[in-house]
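Chemist: upload.txt is reproduced below (compact mmCIF, N, CA and C atoms).
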```txt
# COMPACT_ATOMS: atom_id res chain seq x y z
N MET P 1 -50.57 -202.86 148.10
CA MET P 1 -49.20 -202.97 148.56
C MET P 1 -48.80 -201.79 149.44
N LYS P 2 -49.52 -200.70 149.30
CA LYS P 2 -49.19 -199.56 150.14
C LYS P 2 -49.42 -199.89 151.61
N VAL P 3 -50.50 -200.62 151.87
CA VAL P 3 -50.82 -200.96 153.25
C VAL P 3 -49.73 -201.85 153.85
N GLN P 4 -49.30 -202.86 153.09
CA GLN P 4 -48.26 -203.76 153.61
C GLN P 4 -46.95 -203.02 153.82
N GLY P 5 -46.61 -202.10 152.92
CA GLY P 5 -45.38 -201.32 153.09
C GLY P 5 -45.42 -200.48 154.36
N LYS P 6 -46.56 -199.83 154.59
CA LYS P 6 -46.70 -199.03 155.82
C LYS P 6 -46.66 -199.91 157.07
N MET P 7 -47.27 -201.09 156.97
CA MET P 7 -47.26 -201.99 158.12
C MET P 7 -45.83 -202.40 158.48
N PHE P 8 -45.04 -202.75 157.48
CA PHE P 8 -43.65 -203.15 157.76
C PHE P 8 -42.83 -201.98 158.28
N LEU P 9 -43.05 -200.78 157.77
CA LEU P 9 -42.29 -199.64 158.25
C LEU P 9 -42.68 -199.28 159.69
N TRP P 10 -43.95 -199.37 160.04
CA TRP P 10 -44.36 -199.15 161.42
C TRP P 10 -43.82 -200.25 162.33
N LEU P 11 -43.83 -201.48 161.84
CA LEU P 11 -43.25 -202.58 162.61
C LEU P 11 -41.76 -202.35 162.83
N ALA P 12 -41.08 -201.82 161.82
CA ALA P 12 -39.65 -201.53 161.96
C ALA P 12 -39.41 -200.50 163.05
N LEU P 13 -40.25 -199.47 163.11
CA LEU P 13 -40.09 -198.47 164.17
C LEU P 13 -40.33 -199.08 165.55
N PHE P 14 -41.33 -199.94 165.64
CA PHE P 14 -41.58 -200.61 166.92
C PHE P 14 -40.40 -201.49 167.33
N ILE P 15 -39.87 -202.25 166.39
CA ILE P 15 -38.74 -203.13 166.70
C ILE P 15 -37.51 -202.31 167.07
N LEU P 16 -37.32 -201.17 166.41
CA LEU P 16 -36.19 -200.30 166.76
C LEU P 16 -36.32 -199.82 168.20
N GLY P 17 -37.52 -199.39 168.57
CA GLY P 17 -37.73 -198.96 169.96
C GLY P 17 -37.48 -200.09 170.95
N MET P 18 -37.98 -201.27 170.63
CA MET P 18 -37.77 -202.41 171.51
C MET P 18 -36.30 -202.81 171.58
N ALA P 19 -35.57 -202.67 170.46
CA ALA P 19 -34.14 -203.00 170.46
C ALA P 19 -33.37 -202.06 171.38
N VAL P 20 -33.72 -200.77 171.31
CA VAL P 20 -33.04 -199.81 172.18
C VAL P 20 -33.35 -200.10 173.64
N VAL P 21 -34.63 -200.29 173.96
CA VAL P 21 -35.02 -200.57 175.35
C VAL P 21 -34.37 -201.87 175.83
N TYR P 22 -34.43 -202.91 175.00
CA TYR P 22 -33.85 -204.20 175.38
C TYR P 22 -32.34 -204.09 175.57
N GLY P 23 -31.67 -203.37 174.68
CA GLY P 23 -30.22 -203.22 174.79
C GLY P 23 -29.80 -202.48 176.04
N ILE P 24 -30.54 -201.44 176.40
CA ILE P 24 -30.21 -200.67 177.61
C ILE P 24 -30.55 -201.48 178.86
N TRP P 25 -31.69 -202.16 178.83
CA TRP P 25 -32.18 -202.85 180.02
C TRP P 25 -31.40 -204.13 180.30
N SER P 26 -31.14 -204.94 179.26
CA SER P 26 -30.55 -206.25 179.51
C SER P 26 -29.03 -206.27 179.35
N LYS P 27 -28.49 -205.37 178.56
CA LYS P 27 -27.05 -205.34 178.25
C LYS P 27 -26.57 -206.67 177.70
N GLU P 28 -27.41 -207.32 176.92
CA GLU P 28 -27.11 -208.61 176.31
C GLU P 28 -26.91 -208.38 174.81
N ALA P 29 -25.77 -208.79 174.29
CA ALA P 29 -25.40 -208.43 172.92
C ALA P 29 -26.15 -209.22 171.85
N ALA P 30 -26.39 -210.50 172.09
CA ALA P 30 -26.97 -211.34 171.04
C ALA P 30 -28.41 -210.93 170.73
N GLY P 31 -29.23 -210.76 171.76
CA GLY P 31 -30.62 -210.37 171.54
C GLY P 31 -30.75 -208.98 170.96
N THR P 32 -29.90 -208.07 171.44
CA THR P 32 -29.92 -206.71 170.92
C THR P 32 -29.54 -206.68 169.45
N THR P 33 -28.53 -207.45 169.10
CA THR P 33 -28.11 -207.53 167.70
C THR P 33 -29.22 -208.14 166.84
N ALA P 34 -29.86 -209.16 167.35
CA ALA P 34 -30.95 -209.79 166.59
C ALA P 34 -32.10 -208.82 166.38
N LEU P 35 -32.42 -208.02 167.38
CA LEU P 35 -33.50 -207.05 167.22
C LEU P 35 -33.13 -205.96 166.22
N PHE P 36 -31.88 -205.50 166.25
CA PHE P 36 -31.46 -204.50 165.27
C PHE P 36 -31.46 -205.09 163.86
N MET P 37 -31.10 -206.35 163.73
CA MET P 37 -31.14 -206.99 162.41
C MET P 37 -32.59 -207.17 161.95
N ALA P 38 -33.50 -207.49 162.86
CA ALA P 38 -34.92 -207.59 162.51
C ALA P 38 -35.44 -206.22 162.08
N PHE P 39 -34.97 -205.16 162.72
CA PHE P 39 -35.32 -203.80 162.29
C PHE P 39 -34.87 -203.55 160.86
N GLY P 40 -33.64 -203.94 160.56
CA GLY P 40 -33.14 -203.74 159.20
C GLY P 40 -33.92 -204.54 158.17
N LEU P 41 -34.28 -205.76 158.51
CA LEU P 41 -35.06 -206.57 157.58
C LEU P 41 -36.44 -205.97 157.34
N CYS P 42 -37.08 -205.48 158.39
CA CYS P 42 -38.39 -204.85 158.22
C CYS P 42 -38.30 -203.58 157.37
N VAL P 43 -37.25 -202.81 157.54
CA VAL P 43 -37.07 -201.62 156.72
C VAL P 43 -36.88 -202.01 155.26
N MET P 44 -36.10 -203.04 154.99
CA MET P 44 -35.87 -203.46 153.60
C MET P 44 -37.17 -203.92 152.96
N VAL P 45 -37.94 -204.76 153.65
CA VAL P 45 -39.19 -205.27 153.08
C VAL P 45 -40.20 -204.13 152.92
N GLY P 46 -40.32 -203.27 153.94
CA GLY P 46 -41.24 -202.15 153.86
C GLY P 46 -40.90 -201.19 152.74
N TYR P 47 -39.62 -200.88 152.59
CA TYR P 47 -39.20 -199.99 151.51
C TYR P 47 -39.48 -200.62 150.15
N TYR P 48 -39.19 -201.91 150.00
CA TYR P 48 -39.46 -202.59 148.73
C TYR P 48 -40.94 -202.55 148.39
N LEU P 49 -41.80 -202.86 149.36
CA LEU P 49 -43.24 -202.85 149.10
C LEU P 49 -43.75 -201.45 148.79
N ALA P 50 -43.27 -200.45 149.51
CA ALA P 50 -43.69 -199.07 149.24
C ALA P 50 -43.17 -198.60 147.88
N PHE P 51 -41.95 -198.95 147.54
CA PHE P 51 -41.38 -198.57 146.25
C PHE P 51 -42.11 -199.25 145.10
N THR P 52 -42.45 -200.51 145.27
CA THR P 52 -43.15 -201.25 144.23
C THR P 52 -44.59 -200.75 144.09
N ALA P 53 -45.22 -200.36 145.19
CA ALA P 53 -46.60 -199.88 145.14
C ALA P 53 -46.71 -198.59 144.32
N ARG P 54 -45.67 -197.76 144.32
CA ARG P 54 -45.70 -196.54 143.52
C ARG P 54 -45.65 -196.82 142.03
N ARG P 55 -45.06 -197.95 141.65
CA ARG P 55 -44.93 -198.28 140.23
C ARG P 55 -46.15 -199.01 139.67
N LEU P 56 -46.96 -199.60 140.53
CA LEU P 56 -48.12 -200.36 140.09
C LEU P 56 -49.38 -199.50 140.10
N ASP P 57 -50.36 -199.94 139.34
CA ASP P 57 -51.66 -199.29 139.42
C ASP P 57 -52.27 -199.58 140.77
N GLN P 58 -53.29 -198.78 141.11
CA GLN P 58 -53.94 -199.00 142.39
C GLN P 58 -54.65 -200.34 142.39
N GLN P 59 -54.38 -201.12 143.41
CA GLN P 59 -55.00 -202.43 143.53
C GLN P 59 -56.23 -202.32 144.41
N ALA P 60 -57.03 -203.37 144.40
CA ALA P 60 -58.27 -203.36 145.18
C ALA P 60 -57.99 -203.25 146.67
N GLN P 61 -56.88 -203.78 147.14
CA GLN P 61 -56.58 -203.72 148.57
C GLN P 61 -56.22 -202.31 149.03
N ASP P 62 -55.87 -201.43 148.09
CA ASP P 62 -55.54 -200.06 148.43
C ASP P 62 -56.76 -199.14 148.35
N ASN P 63 -57.86 -199.63 147.82
CA ASN P 63 -59.08 -198.84 147.67
C ASN P 63 -60.03 -199.15 148.82
N LYS P 64 -60.43 -198.12 149.56
CA LYS P 64 -61.30 -198.34 150.71
C LYS P 64 -62.73 -198.70 150.29
N GLU P 65 -63.09 -198.40 149.07
CA GLU P 65 -64.44 -198.70 148.58
C GLU P 65 -64.50 -200.03 147.82
N ALA P 66 -63.44 -200.79 147.81
CA ALA P 66 -63.36 -202.01 147.02
C ALA P 66 -64.17 -203.13 147.66
N GLU P 67 -64.61 -204.03 146.81
CA GLU P 67 -65.31 -205.24 147.25
C GLU P 67 -64.35 -206.42 147.18
N VAL P 68 -64.71 -207.52 147.84
CA VAL P 68 -63.87 -208.71 147.81
C VAL P 68 -63.76 -209.24 146.39
N SER P 69 -64.82 -209.13 145.62
CA SER P 69 -64.83 -209.67 144.25
C SER P 69 -63.92 -208.89 143.31
N ASP P 70 -63.46 -207.70 143.70
CA ASP P 70 -62.58 -206.92 142.84
C ASP P 70 -61.22 -207.59 142.65
N GLU P 71 -60.79 -208.39 143.60
CA GLU P 71 -59.51 -209.09 143.51
C GLU P 71 -59.66 -210.48 142.92
N ALA P 72 -60.87 -210.86 142.54
CA ALA P 72 -61.11 -212.20 142.01
C ALA P 72 -60.39 -212.37 140.69
N GLY P 73 -60.05 -213.59 140.39
CA GLY P 73 -59.37 -213.89 139.13
C GLY P 73 -58.35 -214.99 139.34
N GLU P 74 -57.60 -215.23 138.29
CA GLU P 74 -56.60 -216.29 138.34
C GLU P 74 -55.42 -215.85 139.19
N VAL P 75 -55.01 -216.69 140.11
CA VAL P 75 -53.89 -216.39 140.98
C VAL P 75 -52.58 -216.81 140.32
N GLY P 76 -52.59 -217.95 139.66
CA GLY P 76 -51.39 -218.44 139.00
C GLY P 76 -51.56 -219.90 138.64
N PHE P 77 -50.51 -220.47 138.10
CA PHE P 77 -50.55 -221.87 137.71
C PHE P 77 -49.77 -222.68 138.73
N PHE P 78 -50.40 -223.72 139.25
CA PHE P 78 -49.76 -224.60 140.22
C PHE P 78 -49.79 -226.01 139.66
N SER P 79 -48.64 -226.60 139.55
CA SER P 79 -48.54 -227.92 138.96
C SER P 79 -49.26 -228.96 139.81
N PRO P 80 -50.18 -229.72 139.22
CA PRO P 80 -50.93 -230.68 140.02
C PRO P 80 -50.20 -231.99 140.27
N HIS P 81 -49.10 -232.24 139.58
CA HIS P 81 -48.47 -233.56 139.68
C HIS P 81 -46.97 -233.50 139.91
N SER P 82 -46.47 -232.39 140.39
CA SER P 82 -45.03 -232.22 140.54
C SER P 82 -44.50 -232.93 141.78
N TRP P 83 -43.40 -233.68 141.60
CA TRP P 83 -42.71 -234.34 142.71
C TRP P 83 -41.52 -233.51 143.20
N GLN P 84 -41.26 -232.41 142.53
CA GLN P 84 -40.06 -231.62 142.87
C GLN P 84 -40.14 -230.99 144.27
N PRO P 85 -41.30 -230.48 144.72
CA PRO P 85 -41.33 -229.94 146.09
C PRO P 85 -41.02 -231.00 147.15
N LEU P 86 -41.38 -232.24 146.89
CA LEU P 86 -41.04 -233.31 147.83
C LEU P 86 -39.53 -233.49 147.91
N ALA P 87 -38.86 -233.50 146.76
CA ALA P 87 -37.40 -233.63 146.75
C ALA P 87 -36.74 -232.45 147.47
N LEU P 88 -37.26 -231.24 147.23
CA LEU P 88 -36.69 -230.07 147.91
C LEU P 88 -36.95 -230.12 149.41
N GLY P 89 -38.12 -230.61 149.81
CA GLY P 89 -38.42 -230.73 151.23
C GLY P 89 -37.54 -231.74 151.93
N VAL P 90 -37.31 -232.89 151.28
CA VAL P 90 -36.44 -233.92 151.86
C VAL P 90 -35.01 -233.41 151.94
N GLY P 91 -34.55 -232.75 150.87
CA GLY P 91 -33.19 -232.20 150.89
C GLY P 91 -33.03 -231.11 151.93
N GLY P 92 -34.04 -230.25 152.08
CA GLY P 92 -33.98 -229.21 153.11
C GLY P 92 -33.99 -229.80 154.51
N ALA P 93 -34.82 -230.84 154.71
CA ALA P 93 -34.87 -231.48 156.02
C ALA P 93 -33.52 -232.11 156.36
N LEU P 94 -32.90 -232.78 155.38
CA LEU P 94 -31.58 -233.36 155.63
C LEU P 94 -30.54 -232.29 155.92
N THR P 95 -30.64 -231.15 155.25
CA THR P 95 -29.70 -230.06 155.50
C THR P 95 -29.83 -229.55 156.93
N PHE P 96 -31.07 -229.35 157.37
CA PHE P 96 -31.27 -228.87 158.73
C PHE P 96 -30.90 -229.94 159.77
N LEU P 97 -31.08 -231.19 159.42
CA LEU P 97 -30.60 -232.25 160.31
C LEU P 97 -29.08 -232.26 160.37
N GLY P 98 -28.44 -231.84 159.27
CA GLY P 98 -26.99 -231.74 159.26
C GLY P 98 -26.48 -230.72 160.26
N VAL P 99 -27.26 -229.68 160.51
CA VAL P 99 -26.86 -228.69 161.52
C VAL P 99 -26.89 -229.33 162.91
N VAL P 100 -27.83 -230.24 163.13
CA VAL P 100 -27.97 -230.86 164.45
C VAL P 100 -26.98 -231.99 164.65
N PHE P 101 -26.92 -232.92 163.69
CA PHE P 101 -26.17 -234.16 163.88
C PHE P 101 -24.77 -234.16 163.29
N GLY P 102 -24.51 -233.31 162.35
CA GLY P 102 -23.19 -233.27 161.75
C GLY P 102 -23.25 -232.77 160.32
N TRP P 103 -22.24 -232.02 159.95
CA TRP P 103 -22.22 -231.39 158.63
C TRP P 103 -22.07 -232.41 157.51
N TRP P 104 -21.71 -233.64 157.81
CA TRP P 104 -21.55 -234.65 156.77
C TRP P 104 -22.87 -234.96 156.08
N LEU P 105 -24.02 -234.68 156.71
CA LEU P 105 -25.32 -234.92 156.09
C LEU P 105 -25.56 -234.00 154.89
N ILE P 106 -24.88 -232.87 154.86
CA ILE P 106 -25.05 -231.94 153.74
C ILE P 106 -24.53 -232.55 152.45
N PHE P 107 -23.57 -233.47 152.54
CA PHE P 107 -23.09 -234.14 151.33
C PHE P 107 -24.18 -235.01 150.70
N PHE P 108 -25.12 -235.48 151.50
CA PHE P 108 -26.25 -236.25 150.97
C PHE P 108 -27.41 -235.35 150.54
N SER P 109 -27.58 -234.23 151.24
CA SER P 109 -28.72 -233.37 150.94
C SER P 109 -28.47 -232.46 149.74
N ALA P 110 -27.24 -232.05 149.50
CA ALA P 110 -26.96 -231.13 148.39
C ALA P 110 -27.35 -231.71 147.03
N PRO P 111 -27.03 -232.97 146.71
CA PRO P 111 -27.49 -233.51 145.42
C PRO P 111 -29.01 -233.62 145.33
N ILE P 112 -29.67 -233.94 146.43
CA ILE P 112 -31.13 -234.03 146.41
C ILE P 112 -31.74 -232.66 146.14
N ILE P 113 -31.20 -231.63 146.78
CA ILE P 113 -31.69 -230.28 146.54
C ILE P 113 -31.40 -229.85 145.11
N ALA P 114 -30.22 -230.16 144.60
CA ALA P 114 -29.86 -229.78 143.23
C ALA P 114 -30.78 -230.46 142.22
N ILE P 115 -31.05 -231.75 142.42
CA ILE P 115 -31.94 -232.48 141.50
C ILE P 115 -33.36 -231.92 141.58
N GLY P 116 -33.84 -231.66 142.79
CA GLY P 116 -35.18 -231.10 142.94
C GLY P 116 -35.31 -229.72 142.33
N LEU P 117 -34.31 -228.88 142.53
CA LEU P 117 -34.34 -227.53 141.96
C LEU P 117 -34.25 -227.57 140.44
N TRP P 118 -33.38 -228.40 139.92
CA TRP P 118 -33.25 -228.56 138.47
C TRP P 118 -34.56 -229.05 137.86
N GLY P 119 -35.16 -230.04 138.49
CA GLY P 119 -36.41 -230.57 137.99
C GLY P 119 -37.54 -229.55 138.05
N TRP P 120 -37.57 -228.75 139.09
CA TRP P 120 -38.63 -227.76 139.23
C TRP P 120 -38.48 -226.64 138.20
N VAL P 121 -37.24 -226.22 137.94
CA VAL P 121 -37.02 -225.15 136.97
C VAL P 121 -37.36 -225.60 135.56
N PHE P 122 -36.97 -226.82 135.20
CA PHE P 122 -37.16 -227.29 133.83
C PHE P 122 -38.34 -228.25 133.68
N GLU P 123 -39.28 -228.23 134.61
CA GLU P 123 -40.40 -229.15 134.58
C GLU P 123 -41.28 -228.95 133.35
N TYR P 124 -41.52 -227.72 132.97
CA TYR P 124 -42.40 -227.44 131.84
C TYR P 124 -41.64 -226.81 130.68
N TYR P 125 -40.35 -227.09 130.58
CA TYR P 125 -39.56 -226.54 129.49
C TYR P 125 -39.87 -227.31 128.21
N HIS P 126 -40.26 -226.58 127.18
CA HIS P 126 -40.62 -227.19 125.91
C HIS P 126 -39.84 -226.56 124.76
N GLY P 127 -38.58 -226.27 124.95
CA GLY P 127 -37.77 -225.62 123.93
C GLY P 127 -37.17 -226.64 122.98
N GLU P 128 -36.36 -226.14 122.08
CA GLU P 128 -35.75 -227.01 121.08
C GLU P 128 -34.70 -227.94 121.68
N SER P 129 -34.16 -227.58 122.82
CA SER P 129 -33.12 -228.41 123.46
C SER P 129 -33.72 -229.35 124.49
N ARG P 130 -35.02 -229.52 124.50
CA ARG P 130 -35.67 -230.38 125.49
C ARG P 130 -35.26 -231.83 125.26
N THR P 131 -34.94 -232.50 126.36
CA THR P 131 -34.61 -233.94 126.27
C THR P 131 -35.89 -234.75 126.41
N GLN P 132 -35.93 -235.85 125.72
CA GLN P 132 -37.14 -236.69 125.75
C GLN P 132 -37.08 -237.67 126.87
```
Output the structure of this file as structure tokens.

Modeler:
Amino acid sequence: MKVQGKMFLWLALFILGMAVVYGIWSKEAAGTTALFMAFGLCVMVGYYLAFTARRLDQQAQDNKEAEVSDEAGEVGFFSPHSWQPLALGVGGALTFLGVVFGWWLIFFSAPIIAIGLWGWVFEYYHGESRTQ
């Protein structure tokens, strides 16, 4: 994580330089503002990664002598039969279409997103309040 944190912080410095040059050269407010906001986002991500890397043990990606097999292992659990990402994708697509064609589409996409998100969160819930 140290490497990624440094990469984002160096990228932030580059974007800051480009924002200053672009702002002076073009005198265009929207692009200059977007570049300064991209600088801020890179600083936030870089700081988070650098801060988190100090709290974790050294990972294989931070060791120059590490082998590829040092990072081997289980990555996580991925549901093989979940329909919830499809519902979230359809709801997200309708939301973005609402930006193009009219905000009234969001009234159709919001329930689809809510149902998909609810289903994804409680897909493997096995507590005492589980519904059959």

Chemist: What's the separation between atom CA of Leu13 of chain P and atom C of Gly31 of chain P, in Å to one decimal place?

Modeler: 15.6 Å

Chemist: Could you work out an axis-aligned box for segment 91-104 of chain P, taking every atom the file lists and adding 3 Å on each side, and report centre and edge lengths in Å to one decimal, as lines of an AutoDock Vina configuration file?

Modeler:
```
center_x = -28.2
center_y = -231.8
center_z = 157.8
size_x = 19.3
size_y = 12.3
size_z = 19.8
```

Chemist: Neighbouring residues of Trp120 of chain P were defined as those with any atom within 8 Å, considering only C-alpha atoms; residues of the same chain fewer than 4 positions away were excluded. Please report them as a list in words.

Modeler: Ser82, Gln84, Pro85 and Gly116 of chain P

Chemist: For Tyr124 of chain P, which residue out of P:Phe96, P:Gln59, P:His81, P:Glu74 is the nearest one, using only C-alpha atoms?

Modeler: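 Of P:Phe96, P:Gln59, P:His81, P:Glu74, the one nearest Tyr124 of chain P, counting only C-alpha atoms, is P:His81.
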
Chemist: Compare P:Gln61, P:Ser26, P:Thr52, P:Thr33 by their minimum atom-to-atom distance to Val3 of chain P, counting all atoms listed in the file, and give me the closest one.

Modeler: P:Gln61

Chemist: Tell me which protein, DNA and RNA residues are within 6 Å of segment 38-45 of chain P, counting only C-alpha atoms, leaving out same-chain ones fewer than 2 positions away, and put them as a PyMOL selection string.

Modeler: chain P and resi 8-9+12+15-16+35-36+47-48

Chemist: With only C-alpha atoms as the atoms that count, which of P:Val75, P:Ile24, P:Ala19, P:Ile112 lies nearest to Ala93 of chain P?

Modeler: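 Residue with the minimum atom-to-atom distance to Ala93 of chain P: P:Ile112.
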
Chemist: Where does DSSP see helix (DSSP H, G or I) in segment 46-114 of chain P, if you list the residues as a ChimeraX atom specification?

Modeler: /P:46-55,60-62,68-71,84-101,103-114

Chemist: What is the distance, in Å and to one decimal place, between atom CA of Ile113 of chain P and atom CA of Gly89 of chain P?

Modeler: 8.2 Å
